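Shown here: model-v3.tsv, TSV, C-alpha atoms.
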chain	number	residue	atom	x	y	z
A	1	MET	CA	68.76	126.80	-43.35
A	2	SER	CA	66.82	125.35	-40.42
A	3	GLU	CA	63.25	125.11	-39.17
A	4	PRO	CA	62.20	126.87	-35.96
A	5	GLY	CA	60.63	124.80	-33.21
A	6	VAL	CA	61.98	121.47	-34.47
A	7	SER	CA	63.76	119.34	-31.86
A	8	PRO	CA	66.50	118.39	-32.21
A	9	ALA	CA	67.42	121.20	-34.59
A	10	THR	CA	69.81	120.80	-37.51
A	11	VAL	CA	71.38	123.62	-39.54
A	12	ARG	CA	72.01	122.68	-43.16
A	13	LEU	CA	74.47	124.68	-45.26
A	14	TYR	CA	74.21	125.11	-49.03
A	15	ASP	CA	76.34	126.72	-51.72
A	16	VAL	CA	73.80	128.92	-53.49
A	17	ASN	CA	76.17	129.91	-56.29
A	18	ARG	CA	74.67	126.99	-58.15
A	19	ASP	CA	71.12	126.15	-59.13
A	20	PRO	CA	70.01	124.05	-57.41
A	21	GLY	CA	71.99	124.81	-54.27
A	22	ASN	CA	74.81	122.42	-53.50
A	23	PRO	CA	74.65	120.88	-49.96
A	24	LEU	CA	77.83	121.57	-47.99
A	25	GLY	CA	77.12	119.91	-44.66
A	26	GLU	CA	75.21	120.09	-41.40
A	27	ILE	CA	75.69	121.62	-37.97
A	28	LEU	CA	74.29	119.17	-35.47
A	29	GLY	CA	75.42	120.62	-32.18
A	30	ASP	CA	75.99	118.15	-29.35
A	31	ALA	CA	75.32	114.44	-29.55
A	32	GLU	CA	71.68	115.14	-28.81
A	33	GLY	CA	71.58	117.82	-31.50
A	34	LEU	CA	70.64	121.47	-31.10
A	35	PRO	CA	67.60	122.46	-29.06
A	36	PRO	CA	64.75	124.05	-31.04
A	37	LEU	CA	65.92	127.32	-32.61
A	38	GLU	CA	64.57	130.77	-31.73
A	39	ASP	CA	66.58	132.49	-34.47
A	40	LEU	CA	69.35	131.96	-37.00
A	41	ALA	CA	71.77	134.44	-38.62
A	42	LEU	CA	74.60	134.26	-41.14
A	43	ALA	CA	77.78	136.18	-40.37
A	44	TYR	CA	79.72	138.39	-42.78
A	45	GLN	CA	80.21	136.73	-46.20
A	46	GLY	CA	78.96	133.42	-44.82
A	47	SER	CA	82.01	132.88	-42.61
A	48	ALA	CA	79.93	131.61	-39.69
A	49	VAL	CA	76.42	130.63	-38.68
A	50	LEU	CA	74.84	132.03	-35.51
A	51	PRO	CA	71.97	129.83	-34.31
A	52	VAL	CA	69.97	130.78	-31.20
A	53	PRO	CA	68.82	127.56	-29.51
A	54	SER	CA	65.91	127.79	-27.10
A	55	GLY	CA	67.13	128.34	-23.54
A	56	ALA	CA	70.66	129.36	-24.58
A	57	HIS	CA	72.67	131.79	-22.46
A	58	ARG	CA	75.17	132.77	-25.14
A	59	PHE	CA	75.48	133.24	-28.90
A	60	ASP	CA	77.67	130.60	-30.52
A	61	ALA	CA	79.30	131.11	-33.90
A	62	TRP	CA	79.79	127.94	-35.96
A	63	ASP	CA	82.45	127.88	-38.64
A	64	THR	CA	80.93	127.17	-42.05
A	65	THR	CA	84.09	125.46	-43.27
A	66	THR	CA	84.80	123.06	-40.41
A	67	PHE	CA	81.20	122.93	-39.06
A	68	ASP	CA	82.63	123.26	-35.55
A	69	ARG	CA	81.76	125.72	-32.80
A	70	ALA	CA	84.29	128.55	-33.32
A	71	HIS	CA	83.59	131.05	-30.55
A	72	ALA	CA	80.86	132.67	-28.49
A	73	TYR	CA	79.53	136.20	-28.21
A	74	ASP	CA	79.01	136.91	-24.52
A	75	GLU	CA	77.50	134.71	-21.84
A	76	LYS	CA	74.85	136.00	-19.49
A	77	GLY	CA	75.44	133.75	-16.50
A	78	PRO	CA	73.34	131.24	-14.54
A	79	ALA	CA	70.50	129.49	-16.33
A	80	GLY	CA	67.19	131.28	-16.03
A	81	HIS	CA	68.71	134.73	-15.59
A	82	ASP	CA	68.86	135.94	-19.21
A	83	LEU	CA	67.93	134.00	-22.31
A	84	ALA	CA	69.28	134.50	-25.82
A	85	ALA	CA	66.33	135.48	-27.98
A	86	THR	CA	67.50	136.78	-31.36
A	87	VAL	CA	70.69	137.62	-33.25
A	88	ALA	CA	71.79	139.39	-36.45
A	89	ALA	CA	75.05	140.35	-38.15
A	90	SER	CA	75.60	143.63	-39.97
A	91	GLU	CA	76.17	143.43	-43.72
A	92	ASN	CA	79.57	145.13	-43.49
A	93	GLY	CA	80.88	142.54	-41.03
A	94	TYR	CA	81.58	145.04	-38.23
A	95	TYR	CA	78.89	144.04	-35.74
A	96	VAL	CA	76.93	141.18	-34.28
A	97	VAL	CA	73.81	142.27	-32.39
A	98	GLY	CA	72.32	139.89	-29.87
A	99	GLY	CA	68.98	140.19	-28.13
A	100	TRP	CA	68.31	138.91	-24.62
A	101	ASN	CA	65.04	138.41	-22.76
A	102	SER	CA	64.51	137.89	-19.05
A	103	ALA	CA	63.20	134.48	-17.99
A	104	ALA	CA	59.87	136.11	-17.12
A	105	GLY	CA	59.65	137.73	-20.55
A	106	ASP	CA	59.21	141.22	-19.11
A	107	ALA	CA	62.62	142.77	-19.86
A	108	ALA	CA	64.79	142.94	-22.98
A	109	GLU	CA	68.33	143.90	-23.79
A	110	LEU	CA	70.14	144.50	-27.07
A	111	VAL	CA	73.92	144.09	-27.06
A	112	VAL	CA	76.20	145.16	-29.89
A	113	TYR	CA	79.41	143.13	-30.20
A	114	ASP	CA	82.50	143.81	-32.24
A	115	ALA	CA	82.32	140.99	-34.80
A	116	THR	CA	86.07	140.41	-34.74
A	117	THR	CA	87.13	140.95	-31.12
A	118	ARG	CA	83.71	139.93	-29.69
A	119	GLU	CA	83.92	142.82	-27.23
A	120	VAL	CA	80.71	144.48	-26.06
A	121	ILE	CA	80.66	147.97	-27.52
A	122	TYR	CA	77.07	149.07	-26.84
A	123	THR	CA	74.11	147.95	-24.74
A	124	ALA	CA	70.52	149.13	-24.38
A	125	GLY	CA	67.71	147.81	-22.18
A	126	HIS	CA	63.92	147.97	-22.17
A	127	GLN	CA	61.53	147.07	-19.35
A	128	GLY	CA	58.04	145.60	-19.65
A	129	LYS	CA	58.49	143.99	-23.07
A	130	ALA	CA	60.31	141.10	-24.70
A	131	LEU	CA	62.23	140.87	-27.97
A	132	VAL	CA	60.61	139.04	-30.86
A	133	PRO	CA	62.93	136.38	-32.36
A	134	GLY	CA	64.14	137.20	-35.87
A	135	SER	CA	63.28	140.88	-35.55
A	136	ILE	CA	66.73	142.55	-35.51
A	137	GLY	CA	67.42	144.48	-38.70
A	138	PHE	CA	69.76	147.12	-40.07
A	139	TYR	CA	68.99	150.14	-42.19
A	140	GLY	CA	71.83	152.52	-42.93
A	141	ILE	CA	73.23	153.72	-39.62
A	142	TYR	CA	70.28	152.40	-37.60
A	143	THR	CA	69.64	149.12	-35.81
A	144	PHE	CA	66.02	148.04	-35.27
A	145	ALA	CA	64.26	145.31	-33.32
A	146	VAL	CA	60.64	144.49	-32.45
A	147	LEU	CA	59.35	144.32	-28.87
A	148	LYS	CA	56.20	142.55	-27.69
A	149	GLU	CA	54.11	143.32	-24.63
A	150	PRO	CA	53.68	140.01	-22.73
A	151	GLY	CA	50.10	140.76	-21.66
A	152	THR	CA	48.53	142.37	-24.72
A	153	GLY	CA	50.72	141.07	-27.50
A	154	ARG	CA	51.08	144.61	-28.82
A	155	MET	CA	54.20	145.14	-30.94
A	156	HIS	CA	56.62	148.07	-30.70
A	157	LEU	CA	59.48	149.05	-33.00
A	158	TRP	CA	62.70	149.64	-31.05
A	159	ARG	CA	65.42	151.72	-32.68
A	160	LEU	CA	68.87	152.00	-31.18
A	161	PRO	CA	70.70	155.34	-31.38
A	162	SER	CA	72.33	155.79	-34.75
A	163	ALA	CA	75.51	153.83	-35.29
A	164	PRO	CA	78.47	154.10	-35.11
A	165	TYR	CA	79.41	152.33	-31.94
A	166	HIS	CA	83.15	152.68	-32.50
A	167	SER	CA	85.16	155.80	-31.70
A	168	SER	CA	87.92	157.66	-33.49
A	169	ALA	CA	90.68	160.02	-32.42
A	170	LEU	CA	92.29	162.97	-34.17
A	171	THR	CA	95.56	164.65	-33.29
A	172	LEU	CA	96.67	168.11	-34.39
A	173	THR	CA	100.26	169.22	-33.89
A	174	ALA	CA	101.07	172.87	-34.51
A	175	PRO	CA	103.93	175.13	-33.36
A	176	ALA	CA	103.16	177.15	-30.25
A	177	GLU	CA	104.71	180.24	-31.86
A	178	ALA	CA	105.10	181.42	-35.45
A	179	ASN	CA	105.70	184.54	-37.51
A	180	ALA	CA	103.25	186.47	-39.63
A	181	LEU	CA	103.39	185.98	-43.41
A	182	LYS	CA	105.52	182.86	-43.04
A	183	PRO	CA	103.93	179.46	-43.75
A	184	LEU	CA	103.62	177.23	-40.69
A	185	THR	CA	103.18	173.46	-40.86
A	186	ILE	CA	100.41	171.60	-39.05
A	187	SER	CA	100.25	167.81	-38.98
A	188	GLY	CA	98.50	164.96	-37.21
A	189	ARG	CA	96.71	161.68	-37.60
A	190	LEU	CA	93.24	160.16	-37.64
A	191	THR	CA	93.00	156.78	-35.88
A	192	LEU	CA	90.12	154.37	-35.39
A	193	SER	CA	89.41	152.55	-32.12
A	194	THR	CA	89.28	149.17	-33.85
A	195	GLY	CA	92.80	149.58	-35.20
A	196	ALA	CA	91.53	149.55	-38.78
A	197	THR	CA	93.25	151.75	-41.36
A	198	PRO	CA	91.07	154.82	-41.96
A	199	GLY	CA	91.85	155.08	-45.66
A	200	VAL	CA	91.77	158.44	-47.40
A	201	GLN	CA	89.46	160.75	-45.43
A	202	THR	CA	88.41	164.38	-45.74
A	203	LEU	CA	88.89	166.57	-42.67
A	204	GLU	CA	87.25	169.95	-42.12
A	205	LEU	CA	89.46	172.86	-41.05
A	206	TYR	CA	88.00	175.92	-39.34
A	207	SER	CA	90.15	178.82	-38.14
A	208	TRP	CA	89.66	182.08	-36.28
A	209	LEU	CA	91.74	185.23	-36.57
A	210	PRO	CA	92.92	187.19	-33.50
A	211	ASP	CA	90.01	189.63	-33.85
A	212	GLY	CA	87.53	186.77	-33.60
A	213	THR	CA	86.49	186.70	-37.24
A	214	ASP	CA	86.42	183.46	-39.19
A	215	GLY	CA	89.32	182.39	-41.35
A	216	PRO	CA	88.70	180.64	-44.67
A	217	PHE	CA	87.19	177.15	-44.51
A	218	ARG	CA	89.41	174.42	-45.90
A	219	GLU	CA	89.30	170.70	-46.48
A	220	VAL	CA	92.33	168.58	-45.59
A	221	THR	CA	92.81	165.12	-47.09
A	222	THR	CA	94.54	162.36	-45.15
A	223	ALA	CA	96.80	159.66	-46.50
A	224	ALA	CA	95.50	156.10	-46.40
A	225	ASP	CA	97.07	155.55	-42.97
A	226	GLY	CA	95.24	158.57	-41.55
A	227	THR	CA	98.21	160.95	-41.44
A	228	TYR	CA	97.94	164.47	-42.83
A	229	GLU	CA	99.97	167.65	-43.17
A	230	PHE	CA	99.11	171.12	-44.40
A	231	THR	CA	100.47	174.67	-44.21
A	232	ASP	CA	98.84	177.95	-43.28
A	233	THR	CA	100.14	181.51	-43.56
A	234	PRO	CA	98.96	183.84	-40.78
A	235	PRO	CA	98.28	187.27	-42.31
A	236	GLY	CA	98.77	189.16	-39.03
A	237	ILE	CA	99.84	188.84	-35.43
A	238	GLY	CA	98.07	187.53	-32.35
A	239	ALA	CA	96.45	184.24	-31.37
A	240	PHE	CA	95.28	182.15	-34.33
A	241	ARG	CA	92.96	179.25	-33.45
A	242	TYR	CA	92.49	176.09	-35.50
A	243	ARG	CA	89.85	173.38	-35.22
A	244	LEU	CA	90.15	170.28	-37.37
A	245	SER	CA	87.34	167.75	-37.37
A	246	TRP	CA	86.37	164.45	-38.94
A	247	PRO	CA	82.60	164.00	-39.21
A	248	GLY	CA	82.75	160.23	-38.82
A	249	ASN	CA	80.76	157.75	-40.87
A	250	SER	CA	78.21	155.00	-40.47
A	251	TRP	CA	80.49	152.96	-38.22
A	252	TYR	CA	82.69	155.41	-36.33
A	253	TYR	CA	81.97	158.48	-34.25
A	254	GLY	CA	83.68	161.63	-35.47
A	255	ALA	CA	86.52	163.39	-33.70
A	256	TYR	CA	88.10	166.81	-33.55
A	257	ALA	CA	91.26	168.51	-32.32
A	258	THR	CA	92.21	172.14	-31.67
A	259	ALA	CA	95.37	174.22	-31.46
A	260	THR	CA	96.29	177.85	-30.86
A	261	VAL	CA	99.35	179.46	-32.42
A	262	THR	CA	100.72	182.77	-31.12
A	263	VAL	CA	101.95	184.74	-34.12
A	264	ALA	CA	104.54	187.52	-33.86
A	265	ARG	CA	105.68	190.02	-36.48
A	266	TYR	CA	107.75	188.67	-39.33
A	267	GLU	CA	111.48	189.20	-38.82
A	268	PRO	CA	113.11	189.81	-42.21
A	269	ALA	CA	116.76	189.42	-43.13
A	270	LEU	CA	117.65	192.47	-45.23
A	271	ILE	CA	120.32	191.94	-47.89
A	272	VAL	CA	121.67	194.62	-50.26
A	273	THR	CA	124.03	193.90	-53.15
A	274	GLY	CA	125.93	196.40	-55.30
A	275	PRO	CA	129.42	197.48	-56.34
A	276	ALA	CA	132.14	198.04	-53.75
A	277	THR	CA	133.88	200.67	-55.90
A	278	GLY	CA	132.80	203.24	-58.43
A	279	ALA	CA	133.79	206.44	-60.20
A	280	VAL	CA	132.40	209.95	-60.10
A	281	GLY	CA	129.67	210.31	-62.72
A	282	GLU	CA	129.27	206.54	-63.08
A	283	LEU	CA	125.82	204.97	-62.61
A	284	LEU	CA	125.80	202.63	-59.63
A	285	GLU	CA	123.10	199.94	-59.51
A	286	PHE	CA	121.92	198.28	-56.31
A	287	SER	CA	119.39	195.57	-55.56
A	288	GLY	CA	118.05	194.12	-52.35
A	289	THR	CA	115.70	191.65	-50.80
A	290	PHE	CA	114.19	190.76	-47.45
A	291	ALA	CA	112.33	187.78	-48.86
A	292	ALA	CA	111.93	184.26	-47.61
A	293	GLU	CA	110.65	181.37	-49.70
A	294	GLY	CA	106.88	181.24	-49.88
A	295	VAL	CA	106.31	184.61	-48.21
A	296	VAL	CA	104.11	187.23	-49.85
A	297	TYR	CA	104.44	190.72	-48.40
A	298	PRO	CA	101.96	193.56	-48.14
A	299	ARG	CA	102.84	196.94	-49.62
A	300	THR	CA	106.13	197.80	-47.93
A	301	THR	CA	108.34	200.91	-48.00
A	302	VAL	CA	112.14	200.90	-48.16
A	303	THR	CA	114.17	204.09	-47.58
A	304	VAL	CA	117.70	204.70	-48.84
A	305	SER	CA	119.92	207.30	-47.21
A	306	ARG	CA	123.33	208.09	-48.75
A	307	ARG	CA	126.05	209.76	-46.72
A	308	ALA	CA	129.08	210.79	-48.81
A	309	VAL	CA	132.34	211.90	-47.14
A	310	ALA	CA	134.74	213.59	-49.59
A	311	PRO	CA	138.53	213.45	-49.17
A	312	ASP	CA	138.47	217.01	-47.81
A	313	GLY	CA	135.95	216.00	-45.16
A	314	THR	CA	132.89	217.51	-46.82
A	315	VAL	CA	129.72	215.55	-46.00
A	316	THR	CA	126.67	215.38	-48.27
A	317	THR	CA	123.50	213.39	-47.80
A	318	LYS	CA	120.70	212.22	-50.04
A	319	GLY	CA	117.56	210.18	-49.43
A	320	GLN	CA	114.82	208.42	-51.37
A	321	LYS	CA	111.85	206.10	-50.80
A	322	LEU	CA	111.17	202.88	-52.64
A	323	ALA	CA	108.13	200.64	-52.88
A	324	ALA	CA	109.19	197.01	-52.50
A	325	ALA	CA	107.57	194.32	-54.61
A	326	THR	CA	105.30	191.73	-53.00
A	327	ASP	CA	108.09	189.18	-53.29
A	328	GLY	CA	110.29	191.33	-51.03
A	329	THR	CA	112.68	192.64	-53.70
A	330	PHE	CA	113.65	196.22	-54.55
A	331	ALA	CA	116.28	198.13	-56.56
A	332	PHE	CA	117.76	201.64	-56.75
A	333	THR	CA	120.51	203.57	-58.55
A	334	ASP	CA	122.81	206.47	-57.74
A	335	THR	CA	125.30	208.60	-59.71
A	336	PRO	CA	127.91	210.01	-57.28
A	337	ALA	CA	129.01	213.59	-57.94
A	338	THR	CA	132.00	213.52	-55.63
A	339	ALA	CA	134.74	211.12	-54.73
A	340	GLY	CA	135.00	209.62	-51.27
A	341	LYS	CA	133.33	207.08	-49.03
A	342	HIS	CA	129.68	206.67	-49.84
A	343	THR	CA	127.61	204.85	-47.21
A	344	TYR	CA	124.16	203.73	-48.28
A	345	THR	CA	121.86	202.98	-45.32
A	346	VAL	CA	118.90	200.89	-46.48
A	347	THR	CA	115.98	200.68	-44.06
A	348	LEU	CA	112.92	198.48	-44.27
A	349	VAL	CA	110.11	200.43	-42.65
A	350	GLY	CA	108.24	198.24	-40.18
A	351	SER	CA	104.51	197.58	-40.16
A	352	SER	CA	101.96	195.78	-38.05
A	353	THR	CA	103.11	192.47	-39.50
A	354	VAL	CA	106.76	193.07	-40.44
A	355	LYS	CA	109.55	194.22	-38.13
A	356	GLY	CA	111.71	197.09	-39.33
A	357	THR	CA	115.40	196.53	-39.99
A	358	SER	CA	118.32	198.22	-41.73
A	359	THR	CA	121.74	197.52	-43.20
A	360	ASN	CA	124.65	199.49	-44.69
A	361	HIS	CA	126.47	199.15	-47.97
A	362	VAL	CA	129.73	201.09	-48.53
A	363	VAL	CA	131.09	202.16	-51.93
A	364	THR	CA	134.46	203.79	-52.44
A	365	VAL	CA	134.12	206.40	-55.19
A	366	VAL	CA	137.20	207.71	-57.04
A	367	GLU	CA	137.77	210.32	-59.72
A	368	PRO	CA	137.46	208.92	-63.22
A	369	ALA	CA	140.72	207.87	-64.89
A	370	GLY	CA	142.42	210.40	-67.18
Exercise: express the given structure as structure tokens:
Amino acid sequence: MSEPGVSPATVRLYDVNRDPGNPLGEILGDAEGLPPLEDLALAYQGSAVLPVPSGAHRFDAWDTTTFDRAHAYDEKGPAGHDLAATVAASENGYYVVGGWNSAAGDAAELVVYDATTREVIYTAGHQGKALVPGSIGFYGIYTFAVLKEPGTGRMHLWRLPSAPYHSSALTLTAPAEANALKPLTISGRLTLSTGATPGVQTLELYSWLPDGTDGPFREVTTAADGTYEFTDTPPGIGAFRYRLSWPGNSWYYGAYATATVTVARYEPALIVTGPATGAVGELLEFSGTFAAEGVVYPRTTVTVSRRAVAPDGTVTTKGQKLAAATDGTFAFTDTPATAGKHTYTVTLVGSSTVKGTSTNHVVTVVEPAG
């Protein structure tokens, strides 16, 4: 505590965790003491005291443990140019806001400092009025101060643009090319300009399909260090656009990042399994797949064409259509009526999202024993 207008000024510190408060010590300034105070503020969690002596050209922070001058927030230059008028520290410890008046009392400036680095991160000026000592206050994301007209004494409330004053950055890394129906991985990181760890944050993902319609809205959660990763499965081909954003909070501006992925048709690998030999009249069972892990397929048609060449050179053919399951599997059977080389050509019929492909499976069919 201290009393305004008293010269020399003394700042007395008390531990208020007790009743009555326990005196801790005094800040006396130079040998002559502190000049009369215009304002006095306590920094985050009582770590420092910020007195504003009359006629000062900077804001000094005094350590509440050693009672020594620790550091200064800014310095406006030659005496008489700008005078420190008022100061306040935000409750979260991020900012110190100092108010300056011109020597003539007809111009004011509010300066927001990073409480830790002491860098200037925002300034705002006002002509024709002076700041009233002790008038800086915080409410949510807003910083307020009171201005006074030097001639009339009329008061005006001055509100700075909504905090935050710090910035953030968001990266989004996606493959330039991908295939339809196959999950693609997108990753990135949210960083804060102060170097602080973002903690777990919720990001907003918007996407647009090649025809311009909106994709489904999603929320993506970061790890504590700001990194994230998610997958998306393009349902078709063309240019898919992604926009990931962080709305920010009371102390940091939001950020966003975009990416475009060119998606081509899915290229399946068709595999057919079945016996290599068989006998006339014996049921042959075949199965196949063109699946990949995590891929769900639309309704897809598979055709099977059998070409049988008998020992005497006679050729017979047979065909059928199959509906593959959504997991990319299918099955078929055949009962050969003649011996010889039976070639089964299995074809996956292409679509707008899946490329067509085919493969052969050969079975040697013999006459039954006996």
Surrounding residues of range 96-110 of chain A excluding itself and chain neighbours under 4 positions, 7 Å, all atoms listed in the file, as JSON, numbers by chain: {"A": [80, 81, 82, 83, 84, 85, 86, 87, 88, 89, 90, 114, 115, 123, 124, 125, 126, 127, 128, 129, 130, 131, 150]}
Coordinates-based distance that separates CA of Arg159 in chain A from CA of Leu192 in chain A (Å, one decimal):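 A separation of 25.0 Å between them.
Straight-line separation from CA of Tyr253 in chain A to CA of Ser168 in chain A: 6.1 Å.
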Please return the centre and edge lengths, in Å to one decimal, of a box with edges along x, y and z that contains all listed atoms of range 245-252 of chain A, widened by 3 Å on every side, as JSON.
{"center_x": 82.8, "center_y": 160.4, "center_z": -38.6, "size_x": 15.1, "size_y": 20.8, "size_z": 10.5}
Contact table range 232-309 of chain A vs range 328-336 of chain A, cut-off 8 Å, shortest pair per residue, all atoms listed in the file, as a Markdown table:
| residue | atom | partner | partner_atom | distance |
| --- | --- | --- | --- | --- |
| A:Ala279 | CA | A:Pro336 | CA | 7.5 |
| A:Val280 | CA | A:Pro336 | CA | 5.3 |
| A:Gly281 | CA | A:Thr335 | CA | 5.6 |
| A:Glu282 | CA | A:Thr335 | CA | 5.6 |
| A:Leu283 | CA | A:Thr335 | CA | 4.7 |
| A:Leu284 | CA | A:Asp334 | CA | 5.2 |
| A:Glu285 | CA | A:Thr333 | CA | 4.6 |
| A:Phe286 | CA | A:Phe332 | CA | 5.4 |
| A:Ser287 | CA | A:Ala331 | CA | 4.2 |
| A:Gly288 | CA | A:Phe330 | CA | 5.3 |
| A:Thr289 | CA | A:Thr329 | CA | 4.3 |
| A:Phe290 | CA | A:Gly328 | CA | 5.3 |
| A:Ala291 | CA | A:Gly328 | CA | 4.6 |
| A:Val296 | CA | A:Gly328 | CA | 7.5 |
| A:Tyr297 | CA | A:Gly328 | CA | 6.4 |
Neighbour list for range 261-268 of chain A as a PyMOL selection string, cut-off 8 Å, all atoms listed in the file, skip fewer than 5 positions in-chain: chain A and resi 174-182+234+236-241+290-292+352-357
Pick from A:Pro198, A:Ala308, A:Trp251, A:Val120 nearest to Tyr142 in chain A, counting only C-alpha atoms: A:Trp251
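Atom pair CA of Ser207 in chain A / CA of Leu244 in chain A: separated by 8.6 Å.
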Selection: 9 Å around range 13-17 of chain A, all atoms listed in the file, excl. self and same-chain fewer than 2 positions, as a PyMOL selection string: chain A and resi 1+11+19-27+64
Proximity to Val309 in chain A - best of A:Leu322, A:Pro35, A:Val346, A:Val365, only C-alpha atoms: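 Between A:Leu322, A:Pro35, A:Val346, A:Val365, the residue approaching Val309 in chain A most closely is A:Val365.
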